[in-house]
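Enquirer: For reference, this is coords.csv, and it has CSV, C-alpha atoms.
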```
chain,number,residue,atom,x,y,z
A,26,MET,CA,223.8,22.4,-2.9
A,27,ASP,CA,226.4,21.5,-0.3
A,28,GLN,CA,223.8,20.3,2.2
A,29,MET,CA,222.8,17.6,-0.3
A,30,ALA,CA,226.4,16.6,-1.3
A,31,ASP,CA,226.6,13.7,1.1
A,32,LEU,CA,225.2,10.3,0.6
A,33,LEU,CA,224.8,8.4,3.9
A,34,GLY,CA,227.2,10.9,5.4
A,35,LEU,CA,230.0,10.3,2.8
A,36,GLU,CA,230.8,12.9,0.1
A,37,LEU,CA,230.7,11.2,-3.2
A,38,SER,CA,233.5,11.5,-5.7
A,39,LEU,CA,232.9,11.5,-9.4
A,40,GLY,CA,233.7,7.8,-9.5
A,41,GLY,CA,231.3,7.2,-6.6
A,42,SER,CA,228.6,9.1,-8.4
A,43,VAL,CA,229.0,7.0,-11.5
A,44,ILE,CA,228.8,3.8,-9.4
A,45,VAL,CA,225.6,5.0,-7.8
A,46,PHE,CA,224.1,5.6,-11.3
A,47,ALA,CA,225.2,2.1,-12.4
A,48,VAL,CA,223.9,0.4,-9.3
A,49,ALA,CA,220.6,2.3,-9.5
A,50,GLY,CA,220.3,1.4,-13.2
A,51,ALA,CA,220.9,-2.3,-12.4
A,52,LEU,CA,218.3,-2.3,-9.7
A,53,ALA,CA,215.8,-0.7,-12.1
A,54,VAL,CA,216.4,-3.5,-14.6
A,55,VAL,CA,216.1,-6.4,-12.1
A,56,CYS,CA,213.1,-4.9,-10.2
A,57,THR,CA,211.1,-3.9,-13.2
A,58,THR,CA,211.5,-7.2,-14.9
A,59,ARG,CA,209.7,-8.8,-11.9
A,60,LEU,CA,207.1,-6.0,-11.8
A,61,VAL,CA,206.1,-6.7,-15.4
A,62,ALA,CA,205.1,-10.3,-14.5
A,63,LEU,CA,203.2,-9.1,-11.4
A,64,GLY,CA,201.6,-6.2,-13.2
A,65,ASP,CA,200.4,-8.4,-16.1
A,66,ALA,CA,198.8,-10.8,-13.6
A,67,LEU,CA,197.2,-8.0,-11.5
A,68,ALA,CA,195.8,-6.4,-14.6
A,69,ASP,CA,193.8,-9.6,-15.3
A,70,ARG,CA,193.1,-10.2,-11.6
A,71,THR,CA,191.6,-6.7,-11.0
A,72,GLY,CA,189.7,-6.6,-14.3
A,73,TRP,CA,191.2,-3.2,-15.2
A,74,GLY,CA,192.9,-4.5,-18.3
A,75,GLU,CA,196.5,-3.8,-19.4
A,76,ALA,CA,195.8,-0.2,-20.7
A,77,ILE,CA,194.3,1.2,-17.5
A,78,PHE,CA,196.4,-0.8,-15.0
A,79,GLY,CA,199.6,-0.2,-16.9
A,80,ALA,CA,199.0,3.6,-17.1
A,81,VAL,CA,198.0,4.0,-13.5
A,82,PHE,CA,199.4,1.4,-11.1
A,83,PHE,CA,202.3,0.2,-13.2
A,84,GLY,CA,203.0,3.7,-14.5
A,85,LEU,CA,203.2,4.8,-10.9
A,86,ALA,CA,205.5,2.0,-9.8
A,87,THR,CA,207.9,2.7,-12.6
A,88,SER,CA,207.7,6.4,-12.0
A,89,LEU,CA,208.5,6.3,-8.3
A,90,SER,CA,212.3,6.8,-8.8
A,91,GLY,CA,211.6,9.8,-11.0
A,92,ILE,CA,209.2,11.2,-8.4
A,93,VAL,CA,211.9,11.0,-5.7
A,94,MET,CA,214.5,12.5,-8.0
A,95,THR,CA,212.4,15.5,-8.7
A,96,ALA,CA,211.3,16.1,-5.1
A,97,THR,CA,214.8,15.7,-3.7
A,98,THR,CA,216.5,18.1,-6.1
A,99,ALA,CA,213.7,20.6,-5.9
A,100,ALA,CA,213.7,20.6,-2.1
A,101,SER,CA,217.5,21.1,-2.1
A,102,GLY,CA,217.2,24.2,-4.2
A,103,GLU,CA,218.0,22.8,-7.7
A,104,PRO,CA,215.0,23.7,-9.8
A,105,SER,CA,216.8,23.1,-13.1
A,106,LEU,CA,217.7,19.5,-12.1
A,107,ALA,CA,214.2,18.9,-10.8
A,108,TYR,CA,212.4,20.2,-13.9
A,109,SER,CA,214.8,18.7,-16.4
A,110,ASN,CA,214.6,15.2,-14.7
A,111,ALA,CA,210.8,15.1,-15.0
A,112,ILE,CA,210.6,16.4,-18.6
A,113,GLY,CA,213.8,14.6,-19.7
A,114,GLY,CA,212.4,11.4,-18.3
A,115,ILE,CA,209.3,11.8,-20.5
A,116,ALA,CA,211.5,12.2,-23.6
A,117,ALA,CA,213.6,9.2,-22.8
A,118,GLN,CA,210.6,7.1,-21.9
A,119,THR,CA,208.9,8.0,-25.2
A,120,LEU,CA,212.1,6.8,-26.9
A,121,ALA,CA,211.5,3.5,-25.1
A,122,ILE,CA,208.7,2.9,-27.6
A,123,VAL,CA,211.3,2.6,-30.3
A,124,ILE,CA,213.4,0.1,-28.3
A,125,ALA,CA,210.3,-2.0,-27.5
A,126,ASP,CA,209.3,-1.8,-31.2
A,127,VAL,CA,212.7,-3.2,-32.2
A,128,MET,CA,212.1,-6.2,-29.9
A,129,HIS,CA,208.5,-6.7,-31.2
A,130,PRO,CA,208.6,-9.6,-33.6
A,131,ARG,CA,205.4,-9.0,-35.5
A,132,GLY,CA,205.2,-5.7,-37.3
A,133,ASN,CA,204.9,-2.2,-35.8
A,134,LEU,CA,204.3,-2.1,-32.0
A,135,GLU,CA,202.0,1.0,-32.4
A,136,HIS,CA,199.9,-1.0,-34.8
A,137,ALA,CA,199.6,-4.0,-32.5
A,138,ALA,CA,198.9,-1.9,-29.3
A,139,ALA,CA,196.5,0.7,-30.7
A,140,SER,CA,193.6,1.1,-28.3
A,141,LEU,CA,191.2,3.9,-27.4
A,142,SER,CA,192.6,4.0,-23.8
A,143,ASN,CA,196.2,4.3,-25.0
A,144,MET,CA,195.3,7.2,-27.4
A,145,LEU,CA,193.3,8.9,-24.7
A,146,PHE,CA,196.3,8.7,-22.3
A,147,GLY,CA,198.4,10.2,-25.1
A,148,CYS,CA,196.0,13.1,-25.4
A,149,LEU,CA,196.0,13.6,-21.6
A,150,LEU,CA,199.8,13.7,-21.7
A,151,ILE,CA,199.9,16.4,-24.4
A,152,LEU,CA,197.4,18.4,-22.3
A,153,LEU,CA,199.5,18.1,-19.1
A,154,LEU,CA,202.7,19.1,-20.9
A,155,THR,CA,201.0,22.1,-22.4
A,156,LEU,CA,199.8,23.2,-19.0
A,157,ALA,CA,203.4,22.9,-17.7
A,158,LEU,CA,204.6,25.0,-20.5
A,159,MET,CA,201.9,27.6,-20.0
A,160,GLY,CA,202.8,27.7,-16.3
A,161,SER,CA,206.4,28.7,-17.1
A,162,LEU,CA,205.2,31.4,-19.5
A,163,SER,CA,202.4,32.8,-17.2
A,164,PRO,CA,202.8,35.4,-14.4
A,165,GLU,CA,204.5,34.1,-11.3
A,166,MET,CA,202.0,33.5,-8.4
A,167,ILE,CA,201.6,31.1,-5.5
A,168,VAL,CA,198.3,29.5,-4.4
A,169,LEU,CA,198.3,26.9,-1.6
A,170,GLY,CA,202.1,26.7,-1.8
A,171,MET,CA,202.4,26.2,-5.5
A,172,HIS,CA,201.7,27.8,-8.9
A,173,PRO,CA,198.1,27.5,-10.0
A,174,ALA,CA,199.2,25.5,-13.0
A,175,SER,CA,200.2,22.7,-10.7
A,176,LEU,CA,196.7,22.6,-9.1
A,177,VAL,CA,195.2,22.6,-12.5
A,178,MET,CA,197.4,19.7,-13.7
A,179,VAL,CA,196.5,17.5,-10.7
A,180,ALA,CA,192.8,18.2,-11.3
A,181,VAL,CA,193.1,17.5,-15.1
A,182,TYR,CA,194.9,14.3,-14.4
A,183,GLY,CA,192.2,13.1,-12.0
A,184,GLY,CA,189.5,14.1,-14.4
A,185,GLY,CA,191.2,12.5,-17.3
A,186,LEU,CA,191.5,9.2,-15.4
A,187,TRP,CA,187.8,9.3,-14.6
A,188,LEU,CA,186.8,9.9,-18.2
A,189,ILE,CA,189.1,7.2,-19.5
A,190,ARG,CA,188.0,4.6,-16.9
A,191,LYS,CA,184.3,5.5,-17.4
A,192,GLN,CA,184.4,6.0,-21.1
A,193,PRO,CA,181.0,5.1,-22.7
A,194,GLU,CA,180.5,2.9,-25.7
A,195,PRO,CA,183.3,4.2,-27.9
A,196,MET,CA,182.6,5.7,-31.3
A,197,TRP,CA,186.0,4.7,-32.5
A,198,ARG,CA,187.7,1.3,-32.5
A,199,ALA,CA,191.0,-0.1,-33.6
A,200,VAL,CA,190.4,-2.5,-36.4
A,201,ARG,CA,191.6,-6.0,-35.5
A,202,THR,CA,194.3,-7.4,-37.8
A,203,THR,CA,196.6,-10.4,-37.8
A,204,GLU,CA,199.2,-8.2,-36.0
A,205,THR,CA,196.8,-7.0,-33.3
A,206,TYR,CA,197.3,-8.5,-29.8
A,207,PRO,CA,193.9,-8.5,-28.0
A,208,ASP,CA,194.0,-7.6,-24.3
A,209,VAL,CA,192.4,-10.7,-22.8
A,210,PRO,CA,193.2,-12.6,-19.6
A,211,THR,CA,196.0,-15.1,-20.0
A,212,GLU,CA,197.7,-17.8,-17.9
A,213,HIS,CA,200.5,-16.5,-15.6
A,214,GLY,CA,202.0,-19.7,-14.3
A,215,ARG,CA,202.6,-19.8,-10.5
A,216,LEU,CA,201.4,-16.2,-10.2
A,217,THR,CA,197.9,-17.4,-11.1
A,218,ARG,CA,197.8,-19.6,-8.0
A,219,ARG,CA,198.9,-16.9,-5.6
A,220,GLY,CA,196.4,-14.7,-3.7
A,221,SER,CA,195.9,-11.1,-4.7
A,222,ALA,CA,197.2,-9.8,-1.3
A,223,GLY,CA,200.5,-11.6,-1.9
A,224,LEU,CA,200.9,-10.2,-5.4
A,225,TRP,CA,200.2,-6.7,-4.2
A,226,ALA,CA,202.6,-7.0,-1.3
A,227,GLU,CA,205.4,-8.1,-3.6
A,228,PHE,CA,204.5,-5.4,-6.1
A,229,LEU,CA,204.7,-2.7,-3.5
A,230,SER,CA,207.9,-4.1,-1.9
A,231,ILE,CA,209.7,-4.0,-5.3
A,232,ALA,CA,208.4,-0.5,-5.9
A,233,ALA,CA,210.0,0.6,-2.5
A,234,ILE,CA,213.4,-0.5,-3.8
A,235,VAL,CA,212.9,1.6,-6.9
A,236,VAL,CA,212.2,4.6,-4.6
A,237,ALA,CA,215.5,4.1,-2.8
A,238,GLY,CA,217.3,4.0,-6.2
A,239,GLY,CA,215.7,7.2,-7.2
A,240,TRP,CA,216.9,9.0,-4.1
A,241,ALA,CA,220.4,7.8,-4.6
A,242,VAL,CA,220.5,9.0,-8.2
A,243,ALA,CA,219.2,12.4,-7.2
A,244,GLU,CA,222.1,12.8,-4.7
A,245,ALA,CA,224.7,11.5,-7.2
A,246,ALA,CA,223.4,13.8,-10.0
A,247,GLN,CA,224.0,16.9,-7.8
A,248,ARG,CA,227.6,15.8,-7.3
A,249,VAL,CA,228.1,15.2,-11.0
A,250,VAL,CA,227.0,18.8,-11.7
A,251,VAL,CA,229.5,20.1,-9.1
A,252,LEU,CA,232.5,17.9,-10.1
A,253,THR,CA,232.1,18.0,-13.9
A,254,GLY,CA,230.7,21.4,-14.7
A,255,LEU,CA,228.0,19.9,-16.8
A,256,SER,CA,224.8,22.0,-17.0
A,257,SER,CA,221.9,21.1,-14.8
A,258,SER,CA,219.7,21.0,-17.8
A,259,PHE,CA,221.8,18.3,-19.5
A,260,THR,CA,222.4,16.3,-16.3
A,261,GLY,CA,218.7,16.4,-15.4
A,262,ALA,CA,217.3,15.8,-18.8
A,263,VAL,CA,219.8,13.2,-20.2
A,264,LEU,CA,221.7,11.5,-17.3
A,265,MET,CA,218.9,11.5,-14.7
A,266,GLY,CA,216.2,11.3,-17.4
A,267,LEU,CA,217.7,8.0,-18.8
A,268,ILE,CA,218.0,6.5,-15.3
A,269,ASN,CA,214.4,7.7,-14.7
A,270,ALA,CA,213.3,6.1,-17.9
A,271,LEU,CA,215.1,2.7,-17.3
A,272,PRO,CA,212.1,1.1,-15.5
A,273,GLU,CA,209.8,2.0,-18.4
A,274,ILE,CA,212.3,0.9,-21.0
A,275,VAL,CA,212.8,-2.5,-19.3
A,276,ALA,CA,209.0,-2.8,-18.6
A,277,ALA,CA,208.2,-2.1,-22.2
A,278,VAL,CA,210.7,-4.7,-23.6
A,279,ALA,CA,209.7,-7.3,-21.0
A,280,ALA,CA,206.0,-6.7,-21.7
A,281,VAL,CA,206.5,-7.1,-25.4
A,282,GLN,CA,208.3,-10.3,-24.9
A,283,ARG,CA,205.4,-11.6,-22.8
A,284,GLY,CA,203.0,-10.6,-25.6
A,285,ALA,CA,201.4,-7.8,-23.4
A,286,VAL,CA,201.9,-5.1,-26.0
A,287,THR,CA,199.0,-2.9,-24.7
A,288,LEU,CA,200.7,-3.0,-21.2
A,289,ALA,CA,204.0,-1.9,-22.8
A,290,VAL,CA,202.6,1.2,-24.5
A,291,ALA,CA,200.3,2.0,-21.5
A,292,THR,CA,203.2,1.9,-19.0
A,293,ILE,CA,205.2,4.4,-21.0
A,294,VAL,CA,202.4,6.8,-21.8
A,295,GLY,CA,200.8,6.5,-18.3
A,296,GLY,CA,204.2,6.8,-16.6
A,297,ASN,CA,204.8,10.0,-18.7
A,298,CYS,CA,201.6,11.5,-17.4
A,299,LEU,CA,202.7,10.9,-13.8
A,300,ASP,CA,206.1,12.4,-14.6
A,301,VAL,CA,204.4,15.6,-15.6
A,302,LEU,CA,202.7,15.6,-12.2
A,303,ASN,CA,206.3,15.3,-10.7
A,304,LEU,CA,206.5,19.0,-11.6
A,305,ALA,CA,203.5,19.8,-9.3
A,306,LEU,CA,205.3,17.9,-6.4
A,307,GLY,CA,208.6,19.7,-7.2
A,308,ASP,CA,206.7,23.0,-7.3
A,309,LEU,CA,205.2,22.3,-3.8
A,310,VAL,CA,208.5,21.4,-2.1
A,311,TYR,CA,210.6,24.0,-3.9
A,312,GLY,CA,209.5,26.6,-1.4
A,313,GLY,CA,208.7,30.2,-1.6
A,314,SER,CA,208.5,30.6,-5.4
A,315,SER,CA,207.3,28.8,-8.5
A,316,LEU,CA,209.4,26.0,-9.9
A,317,TYR,CA,208.2,26.9,-13.4
A,318,HIS,CA,209.7,30.3,-13.2
A,319,ALA,CA,213.0,29.1,-11.9
A,320,VAL,CA,214.0,27.4,-15.1
A,321,GLY,CA,215.4,28.7,-18.4
A,322,ARG,CA,215.3,28.3,-22.1
A,323,GLN,CA,216.9,24.9,-22.2
A,324,GLU,CA,214.2,23.4,-19.9
A,325,LEU,CA,211.4,25.0,-22.0
A,326,PHE,CA,213.1,23.6,-25.2
A,327,THR,CA,213.1,20.1,-23.6
A,328,THR,CA,209.4,20.6,-22.8
A,329,GLY,CA,208.7,21.4,-26.5
A,330,SER,CA,210.7,18.4,-27.6
A,331,ALA,CA,208.7,16.1,-25.3
A,332,LEU,CA,205.5,17.5,-26.7
A,333,LEU,CA,206.7,16.9,-30.2
A,334,MET,CA,207.7,13.3,-29.4
A,335,VAL,CA,204.4,12.5,-27.8
A,336,THR,CA,202.5,14.0,-30.7
A,337,ILE,CA,204.4,11.9,-33.1
A,338,LEU,CA,203.7,8.8,-31.0
A,339,LEU,CA,200.0,9.6,-31.0
A,340,GLY,CA,200.1,10.0,-34.8
A,341,GLY,CA,201.7,6.5,-35.0
A,342,LEU,CA,198.9,5.0,-32.9
A,343,LEU,CA,196.3,6.6,-35.2
A,344,LEU,CA,198.0,5.7,-38.5
A,345,ARG,CA,198.9,2.2,-37.4
A,346,GLN,CA,201.6,1.3,-40.0
A,347,ARG,CA,202.0,-2.4,-40.3
A,348,ARG,CA,205.6,-2.2,-41.6
A,349,GLY,CA,207.3,1.2,-41.4
A,350,TRP,CA,210.7,2.8,-41.9
A,351,MET,CA,213.6,0.6,-40.7
A,352,LYS,CA,211.1,-1.9,-39.4
A,353,ILE,CA,210.0,0.4,-36.6
A,354,GLY,CA,207.5,2.8,-38.3
A,355,PHE,CA,207.8,6.4,-39.3
A,356,ASP,CA,206.9,7.5,-35.8
A,357,GLY,CA,209.8,5.5,-34.2
A,358,VAL,CA,212.3,7.0,-36.6
A,359,LEU,CA,211.1,10.5,-36.0
A,360,ILE,CA,211.0,10.1,-32.2
A,361,LEU,CA,214.7,8.9,-32.4
A,362,VAL,CA,215.7,11.9,-34.5
A,363,VAL,CA,214.0,14.4,-32.2
A,364,TYR,CA,215.6,12.9,-29.1
A,365,ILE,CA,219.1,12.9,-30.7
A,366,VAL,CA,218.6,16.6,-31.7
A,367,THR,CA,217.4,17.5,-28.2
A,368,VAL,CA,220.4,15.9,-26.6
A,369,GLY,CA,222.7,17.8,-29.0
A,370,VAL,CA,221.0,21.1,-28.2
A,371,LEU,CA,221.3,20.6,-24.5
A,372,MET,CA,225.1,19.8,-24.9
A,373,THR,CA,225.8,23.1,-26.5
```
Using structure tokens, write down the structure that the file contains.

Expert:
Amino acid sequence: MDQMADLLGLELSLGGSVIVFAVAGALAVVCTTRLVALGDALADRTGWGEAIFGAVFFGLATSLSGIVMTATTAASGEPSLAYSNAIGGIAAQTLAIVIADVMHPRGNLEHAAASLSNMLFGCLLILLLTLALMGSLSPEMIVLGMHPASLVMVAVYGGGLWLIRKQPEPMWRAVRTTETYPDVPTEHGRLTRRGSAGLWAEFLSIAAIVVAGGWAVAEAAQRVVVLTGLSSSFTGAVLMGLINALPEIVAAVAAVQRGAVTLAVATIVGGNCLDVLNLALGDLVYGGSSLYHAVGRQELFTTGSALLMVTILLGGLLLRQRRGWMKIGFDGVLILVVYIVTVGVLMT
């Protein structure tokens, strides 16, 4: 761990590590707010729609910091931090649905944003998390530098994207109600008059800043573990996970405020799918052995919690309560309870 203890050549104190977390979080808020406007415009410009664009391109942009965190900690020999960051980010990002729901003025967000694409991405996420869990419980082996589960996860993600993008005439549709927000092209002010190349250039430039923030958080997190004695599981799943989830949280709230509710849910679910693939990258750079077999019970418990939260979310999208418990729906309340319990278990 010592070889990664310096940031730009200076060993971080605990106070310095906290500052890095705070600055990275502030960058995530500022950058992601702008990314939402660009992503909403590009979703209409490309014709992909909010669900597909949000889950793939926007999900990737908001997941970049988490990708860097997982790769950096895995490469430095911290498998628990790497694994916990990816899975803990999924749990925290799913919690973002609850936050966005609170900000949604008209009924339950899951009712307004229900779409076949969002539900298919939810199914894909459950499938990827299950493969990660099976990889941890299967015999340890290495193929092409990683566990076979990582190769299968990448293939399943690619196949899932193809099926969702090329879906035939659906046999199921979300019934339109007064609370439903249709995904149709809208006016985007000055962004409408800008060329696509300029929009993409700004989108990618802001994403690069998010990457830098992710690297800084990964370095700071390792110092926090050393200086405080906190477990790698708690630090990765909760502290790093929350910073990892900040772009999705901000994106979801900003998208809801713009009326792009499908983009809000798609960004979270799609970003979660990419966070599972972070495990494949971490597995590749971990070196010599499988990342899945270098983690313990707490990491597997966090994986189960993430699976439970996503399943509850998918149930909420299917049931589509107009008005639910505490104005956020049964699924939002249950997701919040599961997350609080998970944090409590990781602290023990």

Enquirer: Considering only C-alpha atoms, state which residue in the set A:Gly147, A:Gly329, A:Gly40, A:Gly185 is at the smallest distance from A:Ile112.

Expert: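 Between A:Gly147, A:Gly329, A:Gly40, A:Gly185, the residue approaching A:Ile112 most closely is A:Gly329.
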
Enquirer: Which of these, A:Val278, A:Gly307, A:Val335, A:Asn297, has the shortest distance to A:Met128 once you count only C-alpha atoms?

Expert: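 Closest to A:Met128 of all the choices is A:Val278.
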
Enquirer: Would you please work out which residue, of A:Leu252, A:Gly102, A:Ser315, A:Trp225, is nearest to A:Val168 when using all atoms listed in the file?

Expert: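 Distance minimum relative to A:Val168 lands on A:Ser315.
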
Enquirer: Report, in Å to a single decimal, how far apart atom CA of A:Leu264 and atom CA of A:Leu339 are.

Expert: 25.7 Å

Enquirer: One decimal, Å: what's the distance from atom CA of A:Leu338 over to atom CA of A:Ser109, could you say?

Expert: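 Calculated distance between atom CA of A:Leu338 and atom CA of A:Ser109 is 20.8 Å.
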
Enquirer: With only C-alpha atoms as the basis for distance, which of A:Ala125, A:Val48, A:Leu316, A:Met178 is at the shortest distance from A:Cys298?

Expert: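 Result for the nearest residue to A:Cys298: A:Met178.
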
Enquirer: What's the separation between atom CA of A:Thr327 and atom CA of A:Tyr364, in Å to one decimal place?

Expert: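 About the pair atom CA of A:Thr327 and atom CA of A:Tyr364: they are 9.4 Å apart.
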
Enquirer: Need the shell around A:Ser258: protein/DNA/RNA residues with any atom at most 8 Å away, counting only C-alpha atoms. Skip same-chain ones fewer than 3 positions apart. Format as a list in words?

Expert: Ser105, Leu106, Ser109, Gly261, Ala262, Gln323, Glu324 and Leu371 of chain A

Enquirer: Using all atoms listed in the file, find the one residue out of A:Ala111, A:Leu52, A:Ala232, A:Ile122 that sits nearest to A:Leu359.

Expert: A:Ile122

Enquirer: Counting all atoms listed in the file, figure out which residue out of A:Ala96, A:Tyr108, A:Val358, A:Val366 gets nearest to A:Arg322.

Expert: A:Tyr108

Enquirer: Please list as number ranges by chain every residue within 6 Å of A:Asn143, counting all atoms listed in the file and excluding residues in the same chain fewer than 3 positions away.

Expert: A: 140, 146, 291

Enquirer: So that I can see what lies close to A:Leu153, please list as a short mmCIF file (atom, residue, chain, number, x, y, z; two decimals) with C-alpha atoms, in the coordinates of the input the residues with an atom at most 9 Å from it, counting only C-alpha atoms and leaving out residues fewer than 6 positions away in the same chain.

Expert:
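Ended up saving to selection.cif:
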```cif
data_model
loop_
_atom_site.label_atom_id
_atom_site.label_comp_id
_atom_site.auth_asym_id
_atom_site.auth_seq_id
_atom_site.Cartn_x
_atom_site.Cartn_y
_atom_site.Cartn_z
CA MET A 178 197.40 19.70 -13.70
CA VAL A 179 196.50 17.50 -10.70
CA VAL A 181 193.10 17.50 -15.10
CA TYR A 182 194.90 14.30 -14.40
CA CYS A 298 201.60 11.50 -17.40
CA VAL A 301 204.40 15.60 -15.60
CA LEU A 302 202.70 15.60 -12.20
#
```
